[in-house]
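Listing of model-v5.txt, compact mmCIF, C-alpha atoms
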```
# COMPACT_ATOMS: atom_id res chain seq x y z
CA MET K 676 -155.42 40.68 188.47
CA ALA K 677 -155.31 39.39 192.02
CA ALA K 678 -156.97 41.45 194.73
CA PRO K 679 -154.59 44.15 195.98
CA LEU K 680 -153.23 44.02 199.49
CA THR K 681 -155.30 47.11 200.25
CA ALA K 682 -158.62 45.47 199.31
CA ARG K 683 -159.06 44.92 203.02
CA ARG K 684 -157.60 46.91 205.88
CA SER K 685 -154.28 45.25 206.50
CA VAL K 686 -151.26 45.16 208.78
CA VAL K 687 -147.85 43.90 207.68
CA VAL K 688 -145.10 43.11 210.16
CA ILE K 689 -141.59 43.01 208.70
CA SER K 690 -139.16 41.19 210.94
CA ASP K 691 -135.38 41.34 210.63
CA TRP K 692 -135.20 37.57 210.27
CA VAL K 693 -133.10 36.42 207.31
CA ASP K 694 -133.70 32.80 206.34
CA GLY K 695 -132.80 30.51 203.50
CA PRO K 696 -130.34 27.82 202.41
CA HIS K 697 -127.30 29.94 201.52
CA PRO K 698 -126.01 31.70 204.65
CA GLY K 699 -123.49 34.42 203.97
CA HIS K 700 -124.25 34.51 200.25
CA ASP K 701 -125.34 37.81 198.74
CA CYS K 702 -127.62 37.14 195.79
CA PRO K 703 -129.09 40.33 194.32
CA SER K 704 -132.82 39.95 193.83
CA PRO K 705 -134.15 41.18 190.51
CA ALA K 706 -137.26 43.32 190.72
CA VAL K 707 -139.36 40.31 189.75
CA LEU K 708 -142.32 39.30 191.85
CA PRO K 709 -141.93 36.01 193.72
CA VAL K 710 -144.24 33.14 192.77
CA HIS K 711 -146.37 33.65 195.87
CA ALA K 712 -147.29 37.13 194.65
CA VAL K 713 -149.13 35.81 191.61
CA GLY K 714 -150.45 32.49 192.87
CA SER K 715 -154.15 32.68 193.68
CA ALA K 716 -153.80 30.50 196.79
CA SER K 717 -151.40 32.98 198.36
CA GLN K 718 -153.41 36.15 197.81
CA PRO K 719 -154.74 38.07 200.80
CA TRP K 720 -157.88 36.45 202.13
CA ILE K 721 -161.01 37.98 200.59
CA GLY K 722 -163.69 35.74 202.06
CA ASP K 723 -165.93 36.53 204.99
CA LEU K 724 -164.32 38.33 207.89
CA VAL K 725 -163.53 36.07 210.82
CA ALA K 726 -162.50 36.57 214.43
CA ALA K 727 -158.80 36.41 215.29
CA ASP K 728 -157.36 34.28 218.06
CA VAL K 729 -154.44 36.18 219.59
CA THR K 730 -151.69 33.59 220.03
CA GLY K 731 -148.05 33.01 219.15
CA GLY K 732 -144.96 35.05 219.93
CA TYR K 733 -144.36 38.79 219.69
CA LEU K 734 -144.32 38.60 215.89
CA GLU K 735 -147.86 37.26 215.76
CA ARG K 736 -149.60 38.74 218.78
CA LEU K 737 -149.45 42.42 217.83
CA PRO K 738 -150.96 42.02 214.33
CA LEU K 739 -153.52 39.50 215.56
CA ALA K 740 -154.52 41.90 218.34
CA LEU K 741 -155.13 44.58 215.72
CA VAL K 742 -157.34 42.16 213.80
CA ALA K 743 -159.18 41.06 216.94
CA ALA K 744 -159.80 44.70 217.89
CA GLY K 745 -161.26 45.46 214.46
CA ILE K 746 -158.52 47.91 213.47
CA VAL K 747 -157.56 45.81 210.45
CA ASP K 748 -159.07 42.79 208.73
CA GLN K 749 -156.00 40.82 207.76
CA ALA K 750 -152.37 40.44 208.80
CA GLU K 751 -149.17 39.36 207.10
CA ILE K 752 -145.66 38.68 208.43
CA TRP K 753 -142.83 39.27 205.99
CA HIS K 754 -139.32 37.82 206.24
CA HIS K 755 -136.19 38.17 204.15
CA TRP K 756 -134.94 35.21 202.11
CA ARG K 757 -131.34 34.65 201.06
CA GLY K 758 -130.26 32.67 198.05
CA ALA K 759 -131.67 32.13 194.61
CA ASP K 760 -134.40 29.58 195.37
CA GLU K 761 -138.03 30.58 195.65
CA PRO K 762 -139.08 32.48 198.81
CA PRO K 763 -141.73 30.59 200.78
CA PHE K 764 -145.33 31.41 201.59
CA SER K 765 -147.67 29.94 204.17
CA ARG K 766 -151.10 30.69 205.58
CA ASP K 767 -151.61 30.27 209.32
CA ASN K 768 -155.35 30.83 209.15
CA ALA K 769 -157.96 33.00 207.48
CA VAL K 770 -156.46 36.25 208.79
CA MET K 771 -152.71 35.56 209.04
CA THR K 772 -150.27 34.79 206.23
CA ARG K 773 -146.46 34.72 206.00
CA ARG K 774 -144.37 35.73 203.02
CA ALA K 775 -140.66 35.87 202.35
CA PHE K 776 -138.89 38.02 199.78
CA ARG K 777 -135.50 37.56 198.23
CA ILE K 778 -132.98 39.88 199.85
CA ASP K 779 -130.61 42.08 197.85
CA ASP K 780 -127.78 41.59 200.35
CA GLU K 781 -127.36 40.80 204.02
CA HIS K 782 -126.49 44.29 205.20
CA ALA K 783 -128.97 45.96 207.52
CA PRO K 784 -131.23 47.81 207.15
CA PHE K 785 -132.35 45.18 204.69
CA ALA K 786 -133.27 45.90 201.10
CA SER K 787 -135.37 43.67 198.88
CA SER K 788 -136.22 44.61 195.31
CA GLN K 789 -138.85 41.87 195.38
CA MET K 790 -140.53 43.42 198.40
CA ILE K 791 -140.55 46.83 196.72
CA ALA K 792 -141.99 45.32 193.54
CA PHE K 793 -144.71 43.62 195.57
CA VAL K 794 -145.79 46.89 197.18
CA GLU K 795 -145.70 48.64 193.81
CA ALA K 796 -147.91 45.93 192.33
CA PHE K 797 -150.39 45.38 195.16
CA GLY K 798 -150.29 48.51 197.27
CA ALA K 799 -149.05 49.36 200.73
CA PRO K 800 -150.68 48.04 203.90
CA HIS K 801 -152.75 50.30 206.11
CA ILE K 802 -150.39 49.67 209.02
CA LEU K 803 -146.73 48.69 208.61
CA VAL K 804 -144.79 47.44 211.63
CA VAL K 805 -141.00 47.37 211.24
CA LEU K 806 -138.94 45.43 213.77
CA GLY K 807 -135.30 45.22 214.74
CA LEU K 808 -132.64 46.03 212.17
CA GLY K 809 -135.17 47.57 209.81
CA VAL K 810 -135.75 47.84 206.08
CA ALA K 811 -134.52 50.12 203.33
CA ALA K 812 -135.79 53.70 203.23
CA GLU K 813 -137.01 53.12 199.66
CA LEU K 814 -139.63 50.68 200.87
CA LEU K 815 -140.79 53.02 203.64
CA ALA K 816 -141.11 55.86 201.15
CA LEU K 817 -143.47 53.67 199.10
CA CYS K 818 -145.55 53.22 202.25
CA ALA K 819 -145.74 56.93 203.05
CA ASN K 820 -149.52 56.77 203.36
CA SER K 821 -149.34 53.81 205.72
CA ILE K 822 -149.12 54.22 209.47
CA ILE K 823 -145.55 53.08 210.13
CA LEU K 824 -144.63 51.70 213.56
CA TYR K 825 -141.18 50.65 214.69
CA ASN K 826 -139.98 48.58 217.64
CA SER K 827 -136.29 47.72 217.99
CA ILE K 828 -137.12 44.67 220.20
CA ASP K 829 -133.72 45.13 221.82
CA ALA K 830 -132.12 47.60 224.24
CA PRO K 831 -131.06 50.21 221.65
CA SER K 832 -134.07 52.42 221.02
CA LEU K 833 -133.29 52.81 217.32
CA ARG K 834 -131.31 50.15 215.50
CA VAL K 835 -131.62 51.90 212.14
CA PRO K 836 -129.96 55.01 210.65
CA ALA K 837 -131.74 58.35 210.67
CA GLU K 838 -132.60 58.19 206.96
CA VAL K 839 -134.73 55.15 207.80
CA SER K 840 -136.14 56.19 211.17
CA ARG K 841 -137.35 59.55 209.84
CA HIS K 842 -140.14 57.66 208.06
CA PHE K 843 -141.63 56.28 211.29
CA ASP K 844 -144.91 57.62 212.60
CA LEU K 845 -144.57 55.91 215.97
CA VAL K 846 -141.67 54.31 217.79
CA ILE K 847 -142.73 51.74 220.38
CA THR K 848 -140.21 51.73 223.21
CA GLY K 849 -139.57 49.70 226.34
CA ALA K 850 -138.50 52.45 228.74
CA GLN K 851 -138.49 56.23 229.10
CA TRP K 852 -134.79 56.53 228.26
CA GLN K 853 -135.53 54.96 224.89
CA SER K 854 -138.31 57.46 224.21
CA ASP K 855 -135.88 60.24 225.16
CA GLU K 856 -133.35 58.93 222.64
CA VAL K 857 -135.97 58.95 219.88
CA GLU K 858 -136.94 62.52 220.78
CA ALA K 859 -133.29 63.55 220.68
CA ARG K 860 -132.88 62.23 217.13
CA HIS K 861 -136.32 63.19 215.81
CA PRO K 862 -137.87 66.01 217.87
CA GLY K 863 -141.64 65.65 217.98
CA MET K 864 -141.77 62.03 216.79
CA ARG K 865 -144.44 60.04 218.60
CA THR K 866 -143.31 57.37 221.03
CA ALA K 867 -145.17 55.00 223.31
CA ILE K 868 -143.72 52.86 226.10
CA LEU K 869 -145.61 49.77 224.99
CA PRO K 870 -143.08 46.96 224.36
CA ILE K 871 -144.84 44.47 222.14
CA GLY K 872 -143.43 41.35 223.82
CA PRO K 873 -144.73 41.70 227.37
CA GLU K 874 -147.56 44.15 226.60
CA PHE K 875 -149.32 42.00 224.01
CA ALA K 876 -149.39 38.78 226.00
CA ALA K 877 -152.10 36.25 225.13
CA THR K 878 -154.51 35.65 227.98
CA HIS K 879 -154.71 31.87 227.70
CA GLN K 880 -151.44 30.81 226.08
CA PHE K 881 -149.55 30.71 229.38
CA ARG K 882 -151.52 29.62 232.42
CA PRO K 883 -151.21 27.70 235.69
CA LEU K 884 -151.70 23.95 235.34
CA GLY K 885 -151.69 22.94 238.99
CA THR K 886 -148.91 20.42 238.38
CA ALA K 887 -146.09 19.57 240.79
CA LYS K 888 -143.24 22.04 241.28
CA ASP K 889 -140.07 19.95 240.99
CA VAL K 890 -137.59 22.79 240.29
CA ASP K 891 -137.13 26.11 242.04
CA LEU K 892 -136.57 28.44 239.10
CA ILE K 893 -136.74 28.56 235.33
CA TYR K 894 -134.96 30.74 232.79
CA VAL K 895 -136.51 30.74 229.31
CA ALA K 896 -134.16 32.64 227.01
CA ALA K 897 -131.90 32.34 224.01
CA ALA K 898 -128.51 30.79 224.71
CA GLN K 899 -126.73 34.03 223.88
CA PRO K 900 -124.34 36.23 225.85
CA TYR K 901 -126.69 39.18 226.33
CA LYS K 902 -129.06 36.99 228.35
CA ARG K 903 -126.34 36.95 231.05
CA TYR K 904 -126.43 33.34 232.17
CA ASP K 905 -123.20 34.07 234.01
CA ILE K 906 -125.20 35.97 236.64
CA LEU K 907 -127.48 32.99 237.22
CA PHE K 908 -124.67 30.43 237.17
CA ASP K 909 -122.49 32.49 239.53
CA ALA K 910 -125.41 32.69 241.95
CA LEU K 911 -126.13 28.95 241.74
CA ALA K 912 -122.46 28.16 242.32
CA ASN K 913 -122.72 29.89 245.69
CA LEU K 914 -125.95 28.18 246.73
CA PRO K 915 -126.69 24.71 248.11
CA ARG K 916 -127.07 22.15 245.35
CA ASP K 917 -130.65 21.51 246.40
CA VAL K 918 -131.53 24.78 244.61
CA ARG K 919 -132.65 23.39 241.27
CA ALA K 920 -132.91 25.33 238.02
CA LEU K 921 -134.34 24.67 234.58
CA CYS K 922 -132.95 26.47 231.49
CA VAL K 923 -135.03 26.41 228.30
CA PHE K 924 -133.24 27.54 225.14
CA GLY K 925 -135.16 28.39 222.00
CA TYR K 926 -131.95 28.95 220.03
CA GLY K 927 -128.46 30.31 220.55
CA GLU K 928 -124.81 29.51 220.08
CA ASP K 929 -123.89 29.20 223.78
CA ALA K 930 -125.96 26.13 224.67
CA ASP K 931 -123.09 23.63 224.63
CA ALA K 932 -120.78 25.90 226.63
CA LEU K 933 -123.47 26.50 229.25
CA ARG K 934 -124.12 22.78 229.62
CA GLN K 935 -120.40 22.19 230.02
CA ARG K 936 -120.07 24.87 232.68
CA ALA K 937 -122.96 23.35 234.64
CA ARG K 938 -121.21 19.96 234.53
CA ASP K 939 -117.86 21.43 235.52
CA GLN K 940 -119.35 23.21 238.54
CA ASN K 941 -121.79 20.46 239.45
CA LEU K 942 -124.72 22.87 239.23
CA SER K 943 -128.26 21.54 239.64
CA ILE K 944 -129.51 22.67 236.22
CA GLU K 945 -131.70 20.81 233.75
CA PHE K 946 -131.50 21.97 230.14
CA VAL K 947 -134.07 21.86 227.33
CA GLY K 948 -133.19 22.83 223.75
CA PRO K 949 -132.19 24.15 221.38
CA PRO K 950 -134.13 23.65 219.24
CA GLY K 951 -137.05 25.32 220.93
CA VAL K 952 -140.18 23.48 221.97
CA PRO K 953 -143.81 24.44 221.21
CA ILE K 954 -145.47 27.09 223.35
CA GLU K 955 -147.69 24.55 225.07
CA GLU K 956 -144.59 22.65 226.18
CA VAL K 957 -142.94 25.87 227.39
CA ASN K 958 -146.02 26.50 229.52
CA HIS K 959 -145.75 22.97 230.93
CA LEU K 960 -142.07 23.53 231.76
CA MET K 961 -142.84 26.85 233.44
CA ASN K 962 -145.38 25.11 235.63
CA ARG K 963 -142.63 22.91 237.03
CA ALA K 964 -140.96 25.95 238.62
CA ARG K 965 -141.78 28.18 241.58
CA PHE K 966 -140.54 31.36 239.90
CA GLY K 967 -138.93 32.65 236.72
CA VAL K 968 -135.76 34.68 236.28
CA VAL K 969 -134.64 37.36 233.83
CA CYS K 970 -130.89 37.96 234.06
CA GLY K 971 -130.15 40.28 231.16
CA ILE K 972 -129.02 43.90 231.31
CA ASP K 973 -128.71 45.18 227.73
CA ASP K 974 -131.97 43.56 226.71
CA GLY K 975 -135.25 44.83 225.40
CA ALA K 976 -138.31 44.26 227.55
CA PRO K 977 -138.52 40.48 227.03
CA ALA K 978 -141.91 38.90 226.39
CA ILE K 979 -141.09 36.25 228.96
CA LEU K 980 -141.71 38.76 231.78
CA THR K 981 -145.48 38.59 231.46
CA GLU K 982 -145.47 35.05 230.10
CA TYR K 983 -144.00 33.84 233.39
CA MET K 984 -146.63 35.84 235.24
CA LEU K 985 -149.54 34.45 233.25
CA ALA K 986 -148.25 30.96 234.03
CA GLY K 987 -148.52 31.91 237.70
CA LEU K 988 -144.80 32.49 238.30
CA PRO K 989 -143.43 35.57 240.05
CA VAL K 990 -140.29 36.97 238.45
CA LEU K 991 -136.82 37.67 239.81
CA ALA K 992 -135.28 40.22 237.44
CA ASN K 993 -131.85 41.76 237.23
CA ALA K 994 -132.12 45.21 238.84
CA ASP K 995 -129.97 46.57 236.00
CA LEU K 996 -132.33 45.38 233.23
CA ARG K 997 -132.56 48.39 230.93
CA CYS K 998 -136.09 47.77 229.61
CA GLY K 999 -138.97 46.10 231.38
CA LEU K 1000 -138.55 46.79 235.08
CA GLN K 1001 -141.97 48.48 235.04
CA PHE K 1002 -143.45 44.97 235.01
CA ILE K 1003 -141.87 44.08 238.35
CA LEU K 1004 -144.34 45.16 241.04
CA PRO K 1005 -144.74 43.99 244.64
CA GLU K 1006 -147.42 41.59 243.36
CA THR K 1007 -145.36 40.22 240.47
CA GLY K 1008 -141.81 39.70 241.77
CA MET K 1009 -138.63 41.42 242.85
CA THR K 1010 -135.33 42.68 241.49
CA ALA K 1011 -131.77 42.06 242.62
CA SER K 1012 -128.32 43.13 241.55
CA ALA K 1013 -125.90 40.58 240.17
CA ASN K 1014 -124.10 40.51 243.52
CA GLY K 1015 -127.36 39.90 245.35
CA PHE K 1016 -128.85 37.33 242.98
CA ALA K 1017 -128.00 34.30 245.11
CA GLU K 1018 -129.66 35.76 248.20
CA ALA K 1019 -132.68 36.81 246.15
CA ILE K 1020 -133.07 33.28 244.75
CA LEU K 1021 -133.32 31.91 248.29
CA LYS K 1022 -135.84 34.60 249.24
CA MET K 1023 -137.96 33.93 246.15
CA ARG K 1024 -137.92 30.22 246.89
CA GLU K 1025 -139.35 30.94 250.34
CA THR K 1026 -141.92 33.54 249.32
CA ALA K 1027 -143.03 32.53 245.80
CA ASP K 1028 -146.55 31.68 246.98
CA ASP K 1029 -147.04 35.19 248.41
CA PHE K 1030 -147.20 36.89 244.99
CA ARG K 1031 -150.18 37.22 242.62
CA PRO K 1032 -148.48 37.53 239.22
CA ARG K 1033 -151.21 36.18 236.96
CA GLU K 1034 -153.89 38.41 238.41
CA ALA K 1035 -151.65 41.47 238.12
CA ALA K 1036 -150.76 40.69 234.50
CA LEU K 1037 -154.39 40.12 233.54
CA GLU K 1038 -155.33 43.43 235.09
CA ARG K 1039 -152.65 45.43 233.26
CA TRP K 1040 -150.68 43.93 230.41
CA THR K 1041 -152.50 41.48 228.21
CA TRP K 1042 -153.20 42.40 224.61
CA THR K 1043 -156.77 43.48 225.37
CA HIS K 1044 -155.44 46.37 227.43
CA SER K 1045 -152.51 47.30 225.22
CA VAL K 1046 -154.38 47.30 221.92
CA LYS K 1047 -156.76 49.95 223.29
CA ARG K 1048 -153.81 52.25 224.00
CA LEU K 1049 -152.30 51.54 220.61
CA THR K 1050 -155.62 52.09 218.84
CA ARG K 1051 -155.94 55.60 220.26
CA ILE K 1052 -152.47 56.47 218.99
CA ILE K 1053 -153.12 54.95 215.55
CA GLU K 1054 -156.32 56.96 215.25
CA GLN K 1055 -154.41 60.16 216.11
CA ILE K 1056 -151.77 59.40 213.47
CA HIS K 1057 -154.46 58.57 210.92
CA ASP K 1058 -156.29 61.85 211.56
CA ALA K 1059 -153.02 63.82 211.33
CA LYS K 1060 -152.22 62.25 207.95
CA GLN K 1061 -155.56 63.16 206.40
```

Starting from the coordinates I provided, produce the structure as structure tokens.
Amino acid sequence: MAAPLTARRSVVVISDWVDGPHPGHDCPSPAVLPVHAVGSASQPWIGDLVAADVTGGYLERLPLALVAAGIVDQAEIWHHWRGADEPPFSRDNAVMTRRAFRIDDEHAPFASSQMIAFVEAFGAPHILVVLGLGVAAELLALCANSIILYNSIDAPSLRVPAEVSRHFDLVITGAQWQSDEVEARHPGMRTAILPIGPEFAATHQFRPLGTAKDVDLIYVAAAQPYKRYDILFDALANLPRDVRALCVFGYGEDADALRQRARDQNLSIEFVGPPGVPIEEVNHLMNRARFGVVCGIDDGAPAILTEYMLAGLPVLANADLRCGLQFILPETGMTASANGFAEAILKMRETADDFRPREAALERWTWTHSVKRLTRIIEQIHDAKQ
């Protein structure tokens, strides 16, 4: 039999991403292991332990930080797969693999009989991280001896029903009000204001390049309504057209409408994507700007907050952002209301060189700092479970 998942200390991150070729099609998954579960090439790595390079997005950086810190030896990211064709598998490197499991239906929190069968066959991970819309309570019950972490990624503190959230050992939040909501539902449940996007930033992934600044501001965000492009566009409409902006979309359904609005109003905006571009290219695009903006309100603490900073950009954030304002310090940027965004853009354009965002982020928020805090909490949970 293949080596069990628990042969090495392991972390599994389950995202709420549903992928596959049959959108909208519910295809019940029989409790039959996917091919990648029995193929020798796709088994958890059992060779010599190797160092982890903490890179990627929020999905990758938290588990890789746990590997780099020596808390676990291997990491996996699990997705949900729709349709009847075979769920994919890939290996990023010696410590990081990705698996998908056929989904029972597309109703959150997501259930996968294949995923349950996999855990029954190979064991539960030491640490299980559940993101977003969550997974079925049956899977969490199988992982009762794991340390189960949850992060909603978005503004709601808990995006799962109570029968699911009661299994969590730790809820990672982005603001105190979120921690208060968790306490109200589950008195005594551990929380930590440690949003995995901005708190687990990679030290070298975003960095100053010393290249020319040919635009004033950049907004890197999905082309979706909750990112509140209307606030940015309304501000730009009331500013001289020599204020130049760059919008970088990774994905989102509003890209065409936003481009059309910019044309209709003769706004000085350059657009990139979707589809998204590689991280190295995002860093290059950031380096073209004097500062970054975050316009959302009902948004989780976006990773881009500290990514801007590490690229050397101060941040202008919406003063009504519900999660993440703790990252806006006098050294890192400023906040403004929607009504004051235009004036704040002009002020940031004048004063961008007066901030020290990269230094402040390196001192406080990169993964090396955050994983120490998380490690202490994990050790407390581990001791309490013994």

One residue among K:Met1023, K:Ile689, K:Ala976, K:Ala1059 is nearest to Leu815 (chain K) when using only C-alpha atoms, and that residue is K:Ile689

Between K:Pro950, K:Pro1005, K:Gly849, K:Gly1015, smallest distance to Leu911 (chain K) by all atoms listed in the file belongs to K:Gly1015

Computed gap from CA of Val693 (chain K) to CA of Leu708 (chain K) is 18.2 Å

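For the pair CA of Gln853 (chain K) and CA of Ser832 (chain K), the interatomic distance is 4.9 Å.
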
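For the choices K:Gly999, K:Pro949, K:Gly732, K:Pro862, the atom-to-atom distance to Val923 (chain K) is smallest for K:Pro949 when using only C-alpha atoms.
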
Find the nearest atom pair between each residue of region 934-1005 of chain K and region 1038-1054 of chain K for residues within 10 Å, count all atoms listed in the file, give distances in Å to one decimal, sort rows by chain and ascending number, and present the table as a tab-separated table.
```
residue	atom	partner	partner_atom	distance
K:Thr981	CA	K:Trp1040	CA	7.5
K:Glu982	CA	K:Thr1041	CA	9.7
K:Leu985	CA	K:Thr1041	CA	9.1
K:Phe1002	CA	K:Trp1040	CA	8.6
```

From K:Val846, K:Leu737, K:Val687, K:Ile1020, residue lying nearest His801 (chain K) [all atoms listed in the file]: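 Of K:Val846, K:Leu737, K:Val687, K:Ile1020, the one nearest His801 (chain K), counting all atoms listed in the file, is K:Val687.
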
Kindly extract all protein, DNA and RNA residues lying within 6 Å of the coordinates (-147.8, 56.5, 211.3) given in the file, considering all atoms listed in the file, and supply them as a PDB file with C-alpha atoms, keeping the file's coordinate frame.
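Result file follows (part_5.pdb):
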```pdb
ATOM      1  CA  ILE K 822    -149.120  54.220 209.470  1.00  0.00           C
ATOM      2  CA  ILE K 823    -145.550  53.080 210.130  1.00  0.00           C
ATOM      3  CA  ASP K 844    -144.910  57.620 212.600  1.00  0.00           C
ATOM      4  CA  LEU K 845    -144.570  55.910 215.970  1.00  0.00           C
ATOM      5  CA  ILE K1056    -151.770  59.400 213.470  1.00  0.00           C
TER       6      ILE K1056
END
```

Fill in: Proximity to Pro870 (chain K) - best of K:Asp1058, K:Asp829, K:Asp905, K:Glu761, only C-alpha atoms
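Checking each of K:Asp1058, K:Asp829, K:Asp905, K:Glu761 against Pro870 (chain K), counting only C-alpha atoms, the winner is K:Asp829.
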
Need to verify the contact set: Ala811 (chain K), 10 Å, only C-alpha atoms, exclusion of same-chain residues closer than 2 positions in sequence. Can you return it as a list in words?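 Skipping anything fewer than 2 positions along the chain leaves Ala783, Pro784, Phe785, Ala786, Ser787, Ser788, Ile791, Leu808, Gly809, Glu813, Leu814, Leu815, Ala816, Val835, Pro836, Glu838 and Val839 of chain K.
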
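Shortest separation to Leu1021 (chain K) among K:Ala759, K:Val857, K:Leu892, K:Ala812 occurs at residue K:Leu892, atoms counted being only C-alpha atoms.
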
Which residues come within 8 Å of Pro989 (chain K), counting all atoms listed in the file, excluding same-chain residues fewer than 6 positions away, as a PDB file with C-alpha atoms, keeping the file's coordinate frame?
```
ATOM      1  CA  ARG K 965    -141.780  28.180 241.580  1.00  0.00           C
ATOM      2  CA  PHE K 966    -140.540  31.360 239.900  1.00  0.00           C
ATOM      3  CA  GLY K 967    -138.930  32.650 236.720  1.00  0.00           C
ATOM      4  CA  TYR K 983    -144.000  33.840 233.390  1.00  0.00           C
ATOM      5  CA  GLU K1006    -147.420  41.590 243.360  1.00  0.00           C
ATOM      6  CA  THR K1007    -145.360  40.220 240.470  1.00  0.00           C
ATOM      7  CA  GLY K1008    -141.810  39.700 241.770  1.00  0.00           C
ATOM      8  CA  ALA K1027    -143.030  32.530 245.800  1.00  0.00           C
ATOM      9  CA  PHE K1030    -147.200  36.890 244.990  1.00  0.00           C
ATOM     10  CA  ARG K1031    -150.180  37.220 242.620  1.00  0.00           C
ATOM     11  CA  PRO K1032    -148.480  37.530 239.220  1.00  0.00           C
TER      12      PRO K1032
END
```

Counting all atoms listed in the file, find residues at most 12 Å from (-148.7, 30.4, 236.6) (file frame) and give them as an MDAnalysis selection string. chainID K and resid 878:888 957:967 980:990 1007 1027:1028 1030:1037

Starting from the incomplete input, reconstruct N, CA and C atoms of region 920-932 of chain K and write that as a tab-separated table (two decimals), in the coordinates of the input.
```tsv
chain	number	residue	atom	x	y	z
K	920	ALA	N	-132.54	24.39	239.08
K	920	ALA	CA	-132.91	25.33	238.02
K	920	ALA	C	-133.22	24.56	236.74
K	921	LEU	N	-133.99	25.20	235.89
K	921	LEU	CA	-134.34	24.67	234.58
K	921	LEU	C	-134.09	25.77	233.55
K	922	CYS	N	-133.24	25.51	232.56
K	922	CYS	CA	-132.95	26.47	231.49
K	922	CYS	C	-133.54	25.96	230.18
K	923	VAL	N	-134.36	26.78	229.55
K	923	VAL	CA	-135.03	26.41	228.30
K	923	VAL	C	-134.53	27.34	227.21
K	924	PHE	N	-133.80	26.77	226.25
K	924	PHE	CA	-133.24	27.54	225.14
K	924	PHE	C	-134.12	27.38	223.91
K	925	GLY	N	-134.50	28.49	223.30
K	925	GLY	CA	-135.16	28.39	222.00
K	925	GLY	C	-134.13	28.24	220.89
K	926	TYR	N	-133.04	28.98	221.01
K	926	TYR	CA	-131.95	28.95	220.03
K	926	TYR	C	-130.74	29.56	220.71
K	927	GLY	N	-129.63	29.65	220.00
K	927	GLY	CA	-128.46	30.31	220.55
K	927	GLY	C	-127.21	29.47	220.46
K	928	GLU	N	-126.08	30.18	220.32
K	928	GLU	CA	-124.81	29.51	220.08
K	928	GLU	C	-124.09	29.09	221.35
K	929	ASP	N	-124.59	29.48	222.54
K	929	ASP	CA	-123.89	29.20	223.78
K	929	ASP	C	-124.39	27.97	224.52
K	930	ALA	N	-125.33	27.23	223.94
K	930	ALA	CA	-125.96	26.13	224.67
K	930	ALA	C	-124.94	25.09	225.12
K	931	ASP	N	-124.06	24.67	224.25
K	931	ASP	CA	-123.09	23.63	224.63
K	931	ASP	C	-122.15	24.12	225.73
K	932	ALA	N	-121.69	25.35	225.62
K	932	ALA	CA	-120.78	25.90	226.63
K	932	ALA	C	-121.46	26.02	227.99
```
